[in-house]
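Peer 1: So that you have it, the file is query.txt, and it contains compact mmCIF, C-alpha atoms:
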# COMPACT_ATOMS: atom_id res chain seq x y z
CA MET P 1279 8.63 21.66 -13.53
CA THR P 1280 5.43 22.64 -11.71
CA ALA P 1281 2.03 21.12 -10.96
CA GLU P 1282 1.07 22.01 -14.53
CA THR P 1283 4.07 20.26 -16.12
CA MET P 1284 4.88 17.29 -13.87
CA LYS P 1285 3.34 14.04 -15.07
CA THR P 1286 0.32 13.57 -12.82
CA SER P 1287 -1.92 10.60 -12.15
CA ALA P 1288 -5.15 10.37 -10.22
CA PHE P 1289 -6.13 7.29 -8.22
CA VAL P 1290 -9.53 5.88 -9.08
CA TYR P 1291 -11.68 2.81 -8.42
CA PRO P 1292 -13.59 0.97 -11.15
CA TRP P 1293 -16.89 1.72 -9.40
CA ASP P 1294 -16.18 5.44 -9.76
CA VAL P 1295 -16.23 5.01 -13.56
CA ASN P 1296 -18.49 2.10 -14.45
CA GLY P 1297 -22.11 3.17 -14.75
CA ASP P 1298 -21.21 6.86 -14.96
CA PRO P 1299 -20.79 7.88 -18.62
CA GLU P 1300 -19.27 11.23 -17.61
CA ALA P 1301 -16.68 9.94 -15.11
CA ALA P 1302 -13.75 9.23 -17.44
CA GLY P 1303 -14.06 12.57 -19.20
CA ARG P 1304 -14.36 14.36 -15.88
CA ILE P 1305 -11.12 12.79 -14.65
CA ALA P 1306 -9.32 13.65 -17.89
CA ALA P 1307 -10.58 17.24 -17.62
CA LEU P 1308 -8.69 17.62 -14.34
CA GLY P 1309 -5.52 17.92 -16.40
CA VAL P 1310 -3.99 14.60 -15.35
CA ARG P 1311 -2.32 12.37 -17.96
CA GLN P 1312 -2.74 9.07 -16.17
CA ALA P 1313 -5.28 7.14 -14.10
CA THR P 1314 -4.00 4.68 -11.50
CA LEU P 1315 -6.92 2.25 -11.46
CA ALA P 1316 -7.44 -0.37 -8.74
CA SER P 1317 -7.26 -3.94 -10.02
CA ALA P 1318 -6.77 -5.73 -6.67
CA TYR P 1319 -7.97 -3.96 -3.55
CA HIS P 1320 -8.69 -4.49 0.12
CA SER P 1321 -12.10 -4.19 1.77
CA THR P 1322 -13.36 -0.63 2.02
CA ARG P 1323 -16.40 1.60 2.27
CA ALA P 1324 -16.14 4.39 -0.26
CA LEU P 1325 -18.05 7.53 -1.13
CA THR P 1326 -19.04 8.12 -4.77
CA PRO P 1327 -20.30 11.71 -4.64
CA ARG P 1328 -21.14 12.09 -8.35
CA HIS P 1329 -22.24 8.63 -9.46
CA PRO P 1330 -25.75 8.55 -10.99
CA SER P 1331 -26.66 5.20 -9.39
CA HIS P 1332 -25.11 5.18 -5.89
CA ARG P 1333 -23.38 7.26 -3.25
CA ILE P 1334 -21.76 4.56 -1.07
CA VAL P 1335 -19.90 1.47 -2.25
CA THR P 1336 -19.11 -1.24 0.29
CA ALA P 1337 -16.39 -3.61 -0.85
CA GLU P 1338 -16.97 -6.37 1.68
CA HIS P 1339 -13.62 -8.10 1.33
CA ALA P 1340 -10.28 -7.93 -0.45
CA ALA P 1341 -10.76 -8.96 -4.04
CA VAL P 1342 -9.47 -8.79 -7.59
CA LEU P 1343 -11.60 -6.52 -9.73
CA TYR P 1344 -11.45 -8.79 -12.80
CA PRO P 1345 -12.05 -12.54 -13.34
CA PRO P 1346 -9.02 -14.41 -11.86
CA GLY P 1347 -7.08 -16.63 -14.24
CA GLU P 1348 -6.41 -20.34 -14.50
CA ARG P 1349 -3.16 -20.18 -12.53
CA TRP P 1350 -5.20 -20.38 -9.32
CA GLN P 1351 -6.93 -23.67 -10.07
CA GLY P 1352 -6.47 -26.16 -7.25
CA ARG P 1353 -4.63 -23.73 -4.97
CA THR P 1354 -5.66 -23.17 -1.35
CA LEU P 1355 -4.66 -19.51 -1.36
CA ARG P 1356 -6.22 -17.74 -4.30
CA PRO P 1357 -7.69 -14.29 -4.95
CA TYR P 1358 -11.29 -13.67 -4.00
CA GLU P 1359 -13.60 -12.44 -6.72
CA SER P 1360 -15.43 -9.22 -6.00
CA GLY P 1361 -19.15 -9.08 -5.40
CA ALA P 1362 -21.78 -6.67 -6.64
CA TRP P 1363 -19.54 -3.67 -5.96
CA ALA P 1364 -17.30 -4.60 -8.94
CA PRO P 1365 -18.91 -7.40 -10.98
CA GLY P 1366 -17.32 -9.14 -13.96
CA ASP P 1367 -14.28 -7.47 -15.46
CA ALA P 1368 -14.89 -4.20 -13.66
CA PHE P 1369 -11.27 -3.16 -14.11
CA GLY P 1370 -11.34 -3.83 -17.84
CA THR P 1371 -14.55 -1.89 -18.37
CA ALA P 1372 -13.25 1.13 -16.47
CA ALA P 1373 -9.84 0.96 -18.13
CA ALA P 1374 -11.43 1.05 -21.58
CA ALA P 1375 -13.46 4.15 -20.68
CA LEU P 1376 -10.42 5.93 -19.23
CA ASP P 1377 -8.33 5.05 -22.27
CA GLU P 1378 -11.03 6.38 -24.59
CA ALA P 1379 -10.92 9.63 -22.63
CA GLY P 1380 -7.22 9.92 -23.45
CA LEU P 1381 -5.77 8.74 -20.16
CA GLU P 1382 -2.85 6.34 -19.76
CA VAL P 1383 -4.00 3.55 -17.44
CA HIS P 1384 -1.78 1.96 -14.79
CA THR P 1385 -2.92 -0.73 -12.38
CA TRP P 1386 -3.11 -0.21 -8.62
CA VAL P 1387 -2.43 -3.50 -6.84
CA VAL P 1388 -2.77 -4.05 -3.08
CA LEU P 1389 -0.81 -7.11 -1.95
CA ALA P 1390 -0.13 -7.94 1.74
CA HIS P 1391 -3.43 -6.61 3.10
CA ASN P 1392 -6.29 -9.09 3.10
CA SER P 1393 -8.66 -9.54 6.04
CA ARG P 1394 -10.72 -12.28 4.41
CA MET P 1395 -7.69 -14.44 3.77
CA GLY P 1396 -6.66 -14.02 7.39
CA ALA P 1397 -10.13 -14.93 8.59
CA GLU P 1398 -10.41 -18.05 6.43
CA HIS P 1399 -6.76 -19.08 6.71
CA PRO P 1400 -5.63 -17.77 10.12
CA ASP P 1401 -2.25 -19.48 9.92
CA THR P 1402 -1.26 -17.03 7.16
CA SER P 1403 -1.47 -14.00 9.46
CA VAL P 1404 1.10 -12.00 11.40
CA VAL P 1405 1.16 -13.02 15.09
CA ASN P 1406 2.42 -10.46 17.62
CA ALA P 1407 4.55 -11.06 20.71
CA TYR P 1408 1.41 -11.64 22.82
CA GLY P 1409 0.05 -14.31 20.48
CA ASP P 1410 -2.61 -12.07 18.90
CA ARG P 1411 -3.23 -12.62 15.19
CA TYR P 1412 -3.65 -9.77 12.73
CA PRO P 1413 -6.02 -11.23 10.11
CA TRP P 1414 -5.60 -8.20 7.85
CA ALA P 1415 -1.81 -8.75 7.65
CA PRO P 1416 -0.52 -11.80 5.73
CA CYS P 1417 2.94 -12.82 6.96
CA ILE P 1418 5.30 -12.37 4.03
CA ALA P 1419 7.86 -14.79 5.51
CA GLN P 1420 5.59 -17.78 4.88
CA PRO P 1421 6.38 -19.58 1.58
CA ALA P 1422 2.76 -20.24 0.57
CA THR P 1423 1.75 -16.66 1.31
CA ARG P 1424 4.70 -15.31 -0.65
CA ALA P 1425 3.87 -17.50 -3.64
CA HIS P 1426 0.30 -16.19 -3.55
CA LEU P 1427 1.43 -12.55 -3.37
CA VAL P 1428 3.98 -12.89 -6.17
CA ASP P 1429 1.45 -14.48 -8.53
CA LEU P 1430 -1.18 -11.93 -7.53
CA ALA P 1431 1.27 -9.13 -8.33
CA ALA P 1432 1.89 -10.54 -11.80
CA GLU P 1433 -1.74 -11.17 -12.68
CA ALA P 1434 -3.29 -8.03 -11.20
CA ALA P 1435 -0.55 -5.73 -12.48
CA VAL P 1436 -0.47 -6.81 -16.10
CA ARG P 1437 -4.04 -6.27 -17.20
CA PRO P 1438 -5.06 -5.63 -20.82
CA GLY P 1439 -4.58 -1.98 -21.68
CA ALA P 1440 -2.37 -1.15 -18.69
CA ARG P 1441 0.94 0.65 -19.32
CA GLY P 1442 2.37 0.16 -15.85
CA THR P 1443 1.56 -0.72 -12.26
CA GLU P 1444 1.87 0.57 -8.71
CA LEU P 1445 2.29 -2.11 -6.04
CA GLU P 1446 0.96 -1.16 -2.62
CA SER P 1447 1.66 -3.12 0.59
CA CYS P 1448 4.55 -4.96 -1.08
CA GLY P 1449 6.25 -5.70 2.22
CA TRP P 1450 5.36 -6.13 5.88
CA TYR P 1451 1.96 -5.14 7.19
CA GLY P 1452 1.58 -4.71 10.96
CA LEU P 1453 -0.61 -3.29 13.70
CA ALA P 1454 -1.61 -0.07 11.94
CA HIS P 1455 -4.84 -0.72 10.07
CA LEU P 1456 -8.01 1.25 9.32
CA HIS P 1457 -10.25 -1.35 10.91
CA ALA P 1458 -14.02 -0.97 11.26
CA HIS P 1459 -14.82 0.86 14.52
CA ASP P 1460 -11.13 0.95 15.39
CA LYS P 1461 -10.42 1.36 19.12
CA THR P 1462 -6.64 1.04 19.15
CA GLY P 1463 -5.75 4.71 19.62
CA GLY P 1464 -6.03 4.79 23.41
CA VAL P 1465 -2.30 4.37 23.90
CA GLY P 1466 0.11 6.40 21.79
CA LEU P 1467 2.64 3.88 20.51
CA GLY P 1468 4.74 5.98 18.16
CA ASP P 1469 7.16 4.47 15.68
CA ALA P 1470 8.89 2.32 18.32
CA GLY P 1471 5.67 0.82 19.66
CA GLN P 1472 4.30 0.24 16.19
CA TYR P 1473 7.46 -1.66 15.27
CA LEU P 1474 7.38 -3.82 18.38
CA MET P 1475 3.66 -4.54 18.00
CA SER P 1476 4.22 -5.46 14.36
CA LEU P 1477 6.99 -8.01 14.90
CA CYS P 1478 5.69 -11.40 13.81
CA PHE P 1479 6.05 -14.61 15.81
CA CYS P 1480 4.37 -17.10 13.50
CA GLY P 1481 6.20 -20.37 12.87
CA ALA P 1482 8.06 -19.06 9.82
CA CYS P 1483 9.27 -15.95 11.65
CA ARG P 1484 10.27 -17.94 14.74
CA ASP P 1485 12.40 -20.10 12.46
CA GLY P 1486 13.89 -16.96 10.96
CA TYR P 1487 14.85 -15.59 14.37
CA THR P 1488 16.34 -18.96 15.32
CA GLY P 1489 18.46 -18.83 12.17
CA LEU P 1490 19.92 -15.55 13.44
CA GLY P 1491 20.83 -17.13 16.76
CA LEU P 1492 17.88 -15.74 18.72
CA ASP P 1493 15.58 -17.67 21.02
CA PRO P 1494 12.04 -16.78 19.78
CA ALA P 1495 10.44 -17.21 23.22
CA GLU P 1496 13.01 -14.98 24.87
CA LEU P 1497 12.69 -12.46 22.03
CA ALA P 1498 8.91 -12.30 22.47
CA GLN P 1499 9.38 -11.78 26.19
CA SER P 1500 11.84 -8.95 25.49
CA VAL P 1501 9.32 -7.31 23.17
CA ARG P 1502 6.58 -7.49 25.79
CA ARG P 1503 8.93 -6.08 28.41
CA ALA P 1504 9.92 -3.21 26.11
CA LEU P 1505 6.28 -2.28 25.53
CA GLU P 1506 5.40 -2.03 29.23
CA PRO P 1507 6.43 1.64 29.63
CA LEU P 1508 4.08 2.54 26.77
CA TRP P 1509 1.14 0.63 28.25
CA ARG P 1510 1.71 2.35 31.60
CA GLY P 1511 2.01 5.78 30.00
CA GLU P 1512 5.56 6.17 31.28
CA ALA P 1513 7.16 6.63 27.86
CA ALA P 1514 6.36 9.32 25.30
CA GLN P 1515 5.15 8.45 21.80
CA ASP P 1516 8.37 9.77 20.30
CA THR P 1517 10.63 7.64 22.50
CA ALA P 1518 13.40 6.19 20.33
CA ILE P 1519 13.28 2.44 19.91
CA ASP P 1520 16.76 2.02 21.38
CA LYS P 1521 15.42 3.50 24.62
CA LEU P 1522 12.84 0.71 24.86
CA PHE P 1523 14.38 -2.27 23.10
CA ALA P 1524 17.93 -3.65 23.19
CA ALA P 1525 19.91 -2.36 20.22
CA GLU P 1526 21.21 -5.81 19.26
CA LEU P 1527 17.66 -7.24 19.23
CA PHE P 1528 16.38 -4.37 17.13
CA ALA P 1529 19.23 -4.86 14.67
CA ALA P 1530 18.69 -8.62 14.44
CA THR P 1531 14.93 -8.44 13.95
CA LEU P 1532 15.28 -5.64 11.42
CA GLU P 1533 17.88 -7.66 9.51
CA PHE P 1534 15.50 -10.60 9.25
CA ARG P 1535 12.49 -8.50 8.26
CA THR P 1536 14.45 -6.40 5.76
CA THR P 1537 15.86 -9.52 4.08
CA VAL P 1538 12.37 -11.03 3.80
CA ALA P 1539 10.82 -7.83 2.44
CA ARG P 1540 13.61 -7.27 -0.08
CA SER P 1541 13.28 -10.76 -1.49
CA LEU P 1542 9.50 -10.40 -1.80
CA GLN P 1543 9.90 -7.10 -3.61
CA GLU P 1544 12.49 -8.59 -5.95
CA GLU P 1545 10.29 -11.62 -6.70
CA ALA P 1546 7.13 -9.57 -7.19
CA VAL P 1547 8.76 -7.09 -9.56
CA ALA P 1548 10.44 -9.90 -11.51
CA ALA P 1549 7.12 -11.73 -11.82
CA VAL P 1550 5.41 -8.61 -13.14
CA ARG P 1551 8.16 -7.99 -15.67
CA ALA P 1552 8.04 -11.61 -16.84
CA GLU P 1553 4.36 -11.11 -17.77
CA ALA P 1554 4.57 -7.54 -19.08
CA PRO P 1555 5.81 -5.88 -22.27
CA ALA P 1556 9.30 -4.38 -22.18
CA ASP P 1557 8.20 -0.79 -21.57
CA PHE P 1558 5.84 -1.63 -18.68
CA GLN P 1559 6.55 0.62 -15.68
CA VAL P 1560 6.72 -0.91 -12.18
CA LEU P 1561 6.55 1.36 -9.11
CA LEU P 1562 6.24 0.56 -5.40
CA HIS P 1563 4.42 2.55 -2.73
CA ALA P 1564 7.29 3.00 -0.32
CA ASP P 1565 8.65 4.60 2.85
CA PRO P 1566 12.44 5.11 3.17
CA VAL P 1567 12.41 4.07 6.85
CA ALA P 1568 13.01 0.32 6.59
CA TYR P 1569 11.23 -0.70 9.81
CA ARG P 1570 7.91 0.91 8.91
CA CYS P 1571 5.15 -1.26 7.53
CA GLY P 1572 1.77 -0.89 5.94
CA ALA P 1573 0.51 0.40 2.61
CA ASN P 1574 3.80 2.23 2.05
CA ALA P 1575 6.26 -0.56 2.74
CA GLY P 1576 9.50 0.29 4.50
CA VAL P 1577 12.38 -0.10 2.04
CA ASP P 1578 16.07 0.63 1.61
CA PRO P 1579 16.10 3.39 -1.06
CA ALA P 1580 19.28 2.17 -2.77
CA HIS P 1581 17.94 -1.37 -3.00
CA ILE P 1582 14.43 -0.61 -4.20
CA LEU P 1583 15.57 1.86 -6.88
CA GLY P 1584 17.74 -0.92 -8.24
CA VAL P 1585 14.75 -3.27 -8.38
CA ALA P 1586 11.76 -1.19 -9.50
CA ASP P 1587 11.42 1.74 -11.89
CA GLY P 1588 10.68 4.04 -8.99
CA VAL P 1589 8.53 4.71 -5.96
CA VAL P 1590 5.34 6.43 -4.89
CA VAL P 1591 5.96 8.28 -1.61
CA PRO P 1592 3.41 9.72 0.85
CA CYS P 1593 3.88 13.50 0.83
CA THR P 1594 0.66 14.99 2.24
CA GLY P 1595 1.70 17.63 4.75
CA SER P 1596 5.42 17.04 4.23
CA SER P 1597 7.62 15.81 1.41
CA GLU P 1598 10.64 14.97 3.58
CA LEU P 1599 10.34 11.24 2.82
CA LEU P 1600 11.35 11.95 -0.77
CA ALA P 1601 14.84 13.12 0.17
CA PRO P 1602 16.43 9.70 0.89
CA PHE P 1603 15.25 8.42 -2.49
CA ALA P 1604 16.44 11.54 -4.31
CA ALA P 1605 19.84 11.27 -2.60
CA GLU P 1606 20.48 8.00 -4.43
CA GLY P 1607 20.67 9.89 -7.73
CA ALA P 1608 19.20 6.92 -9.61
CA GLN P 1609 19.18 7.90 -13.27
CA GLY P 1610 15.67 7.81 -14.73
CA ALA P 1611 14.00 6.61 -11.52
CA VAL P 1612 10.44 7.84 -10.99
CA LEU P 1613 9.94 9.61 -7.66
CA ALA P 1614 6.20 10.24 -7.44
CA ALA P 1615 4.88 12.42 -4.64
CA ASN P 1616 1.53 11.17 -3.40
CA LEU P 1617 -0.69 14.09 -2.32
CA THR P 1618 -4.15 13.76 -0.80
CA VAL P 1619 -6.55 16.16 -2.53
CA VAL P 1620 -9.66 15.18 -0.57
CA SER P 1621 -10.12 17.97 1.98
CA GLY P 1622 -12.37 15.82 4.17
CA MET P 1623 -9.50 13.31 4.51
CA GLY P 1624 -6.88 15.85 5.52
CA GLY P 1625 -5.88 16.91 2.03
CA ALA P 1626 -5.33 20.44 0.77
CA PRO P 1627 -6.30 20.68 -2.90
CA GLY P 1628 -6.12 24.47 -2.69
CA ARG P 1629 -2.36 24.17 -1.99
CA LEU P 1630 -1.64 21.76 -4.81
CA ARG P 1631 0.65 24.14 -6.69
CA GLU P 1632 2.65 24.93 -3.58
CA ASP P 1633 2.79 21.28 -2.47
CA ALA P 1634 3.91 20.20 -5.92
CA ALA P 1635 6.69 22.79 -5.90
CA ARG P 1636 7.78 21.66 -2.44
CA ALA P 1637 7.82 18.03 -3.58
CA LYS P 1638 9.81 18.94 -6.70
CA GLY P 1639 12.34 20.64 -4.46
CA ARG P 1640 12.75 17.36 -2.59
CA GLY P 1641 13.30 15.44 -5.81
CA ALA P 1642 9.83 14.48 -7.04
CA SER P 1643 9.54 13.89 -10.78
CA GLU P 1644 5.82 13.06 -10.86
CA LEU P 1645 2.65 13.59 -8.84
CA ARG P 1646 -0.06 11.21 -7.64
CA LEU P 1647 -3.40 12.61 -6.51
CA TYR P 1648 -5.48 10.70 -3.98
CA HIS P 1649 -8.30 10.39 -4.97
CA ALA P 1650 -10.38 11.46 -8.00
CA GLY P 1651 -13.40 9.37 -7.03
CA LEU P 1652 -13.55 10.37 -3.36
CA ALA P 1653 -13.08 14.11 -3.72
CA SER P 1654 -15.93 16.62 -3.69
CA ASP P 1655 -16.76 18.79 -6.68
CA ALA P 1656 -15.14 21.75 -4.89
CA ASP P 1657 -11.94 19.76 -4.31
CA LEU P 1658 -11.81 18.72 -7.96
CA GLU P 1659 -12.29 22.29 -9.12
CA LEU P 1660 -9.24 23.31 -7.08
CA VAL P 1661 -7.27 20.48 -8.67
CA ARG P 1662 -8.35 21.59 -12.14
CA ALA P 1663 -7.25 25.14 -11.40
CA ALA P 1664 -3.83 23.95 -10.22
CA LEU P 1665 -3.21 21.64 -13.17
CA ARG P 1666 -4.65 23.87 -15.87
Could I get this structure in the form of structure tokens?
Peer 2:
Amino acid sequence: MTAETMKTSAFVYPWDVNGDPEAAGRIAALGVRQATLASAYHSTRALTPRHPSHRIVTAEHAAVLYPPGERWQGRTLRPYESGAWAPGDAFGTAAAALDEAGLEVHTWVVLAHNSRMGAEHPDTSVVNAYGDRYPWAPCIAQPATRAHLVDLAAEAAVRPGARGTELESCGWYGLAHLHAHDKTGGVGLGDAGQYLMSLCFCGACRDGYTGLGLDPAELAQSVRRALEPLWRGEAAQDTAIDKLFAAELFAATLEFRTTVARSLQEEAVAAVRAEAPADFQVLLHADPVAYRCGANAGVDPAHILGVADGVVVPCTGSSELLAPFAAEGAQGAVLAANLTVVSGMGGAPGRLREDAARAKGRGASELRLYHAGLASDADLELVRAALR
């Protein structure tokens, strides 16, 4: 199994396809069999280097890229419709074109990442140990937020013509965020600092900590105390979390957060399957390190491979994150290696064959290529050469 024979999908946005009569055929000509097409996506500014009508698309806020259904009537938390960047049923229009070009279409659904919801409903957001809110990060411990995310997963995943879905940000989101004019890199936090700065202290999470026998105020103080060596530059970025934070507190907070994330993942996948045909594939973008958060949600490999049909794992530069999933030996599970093929974003399309072979050696059964719409013509030519 090589880059030429592994099932491969390219990520794409509806605005890459709609209005460009050559786009779907161009993507199919890469040699991929599938297009993973965004149906619910966060705010972004994206390049469209080949589109006949535009070069920059600004998606001003998180939105569904189709008309939302009746299930949202009367609800406070509901999906936002997209603006001029993806009008009407943008997903449906693009999906039809991709299908006509011979590509299998799967939905790409972003869940717990929504800055507009956090701005308009600040009580839904993660709150750190200092009391700062993260409007881009909905707290998945809150019942109303969870209900919104589960219904969004079901509706955005099971779109007409789709054969499967990939759920991104199906878990905790935290400090790490590609914010406009981001100025948060002045202090190297490392994994330990990112975890501590991502712990939530909203009302629902405080109740959760109390249920584990912790005093939320004392816990927040312990988190702030543990971060002090990082703020002062006295601890290295790679300092282990048990060197900063009491082991029993780390274990207790991780237990709470893991339990919450697992239940969300179970509910979201079940909701998708309840709406979908029997052969509909459900994958999660995932990281095997349970305390990590963000687009690739931290998971327990054994648990998630018993819930979903498989995972999509970040593998640009290294495929080591595949190994814990492969070690589970889950029969028939999809282990898709996600490789960036946009050279301007740190990808290496010229090494696609080698990277695919490396990922296969770590257990990958499929490939995902990020991103067919963002890549230059030269990058796409390298992809074509590797897949053909």
Peer 1: Enter the distance from atom CA of P:Gly1625 to atom CA of P:Gly1595, in Å, rounded to one decimal.
Peer 2: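 A separation of 8.1 Å between them.
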Peer 1: If we count all atoms listed in the file, what is near P:Ala1549 at a cut-off of 7 Å, once residues fewer than 4 positions away on the same chain are taken out, given as an MDAnalysis selection string?
Peer 2: chainID P and resid 1428 1432 1545 1553
Peer 1: So that I have them on file, write out the residues from the current selection with C-alpha atoms, as a PDB file, in the frame of the given file.
Peer 2:
ATOM      1  CA  VAL P1428       3.980 -12.890  -6.170  1.00  0.00           C
ATOM      2  CA  ALA P1432       1.890 -10.540 -11.800  1.00  0.00           C
ATOM      3  CA  GLU P1545      10.290 -11.620  -6.700  1.00  0.00           C
ATOM      4  CA  GLU P1553       4.360 -11.110 -17.770  1.00  0.00           C
TER       5      GLU P1553
END
Peer 1: So what do you get for atom CA of P:Gly1491 versus atom CA of P:Leu1527, distance-wise?
Peer 2: 10.7 Å
Peer 1: Around (-4.4, 12.2, -10.6) in the file's own coordinates, what residues are found within 10 Å if you use all atoms listed in the file, given back as a short mmCIF file (atom, residue, chain, number, x, y, z; two decimals) with C-alpha atoms, keeping the file's coordinate frame?
Peer 2:
data_model
loop_
_atom_site.label_atom_id
_atom_site.label_comp_id
_atom_site.auth_asym_id
_atom_site.auth_seq_id
_atom_site.Cartn_x
_atom_site.Cartn_y
_atom_site.Cartn_z
CA LYS P 1285 3.34 14.04 -15.07
CA THR P 1286 0.32 13.57 -12.82
CA SER P 1287 -1.92 10.60 -12.15
CA ALA P 1288 -5.15 10.37 -10.22
CA PHE P 1289 -6.13 7.29 -8.22
CA VAL P 1290 -9.53 5.88 -9.08
CA ILE P 1305 -11.12 12.79 -14.65
CA ALA P 1306 -9.32 13.65 -17.89
CA LEU P 1308 -8.69 17.62 -14.34
CA GLY P 1309 -5.52 17.92 -16.40
CA VAL P 1310 -3.99 14.60 -15.35
CA ARG P 1311 -2.32 12.37 -17.96
CA GLN P 1312 -2.74 9.07 -16.17
CA ALA P 1313 -5.28 7.14 -14.10
CA THR P 1314 -4.00 4.68 -11.50
CA ASN P 1616 1.53 11.17 -3.40
CA LEU P 1617 -0.69 14.09 -2.32
CA THR P 1618 -4.15 13.76 -0.80
CA VAL P 1619 -6.55 16.16 -2.53
CA LEU P 1645 2.65 13.59 -8.84
CA ARG P 1646 -0.06 11.21 -7.64
CA LEU P 1647 -3.40 12.61 -6.51
CA TYR P 1648 -5.48 10.70 -3.98
CA HIS P 1649 -8.30 10.39 -4.97
CA ALA P 1650 -10.38 11.46 -8.00
CA VAL P 1661 -7.27 20.48 -8.67
CA LEU P 1665 -3.21 21.64 -13.17
#
Peer 1: Using all atoms listed in the file, which of P:Ala1318, P:Leu1445, P:Leu1652, P:Ala1337 sits nearest P:Gly1622?
Peer 2: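 Selected residue with least distance to P:Gly1622: P:Leu1652.
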Peer 1: Of the candidates P:Arg1349, P:Ala1626, P:Thr1371, P:Glu1338, which shows the shortest atom-to-atom distance to P:Pro1299, using only C-alpha atoms?
Peer 2: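 Checking each of P:Arg1349, P:Ala1626, P:Thr1371, P:Glu1338 against P:Pro1299, counting only C-alpha atoms, the winner is P:Thr1371.
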Peer 1: Near P:Gly1466, counting all atoms listed in the file, which residues have an atom at most 12 Å away, once you skip same-chain residues fewer than 4 positions from it, shown as JSON, numbers by chain?
Peer 2: {"P": [1454, 1461, 1462, 1470, 1471, 1472, 1505, 1507, 1508, 1509, 1510, 1511, 1512, 1513, 1514, 1515, 1516, 1517]}
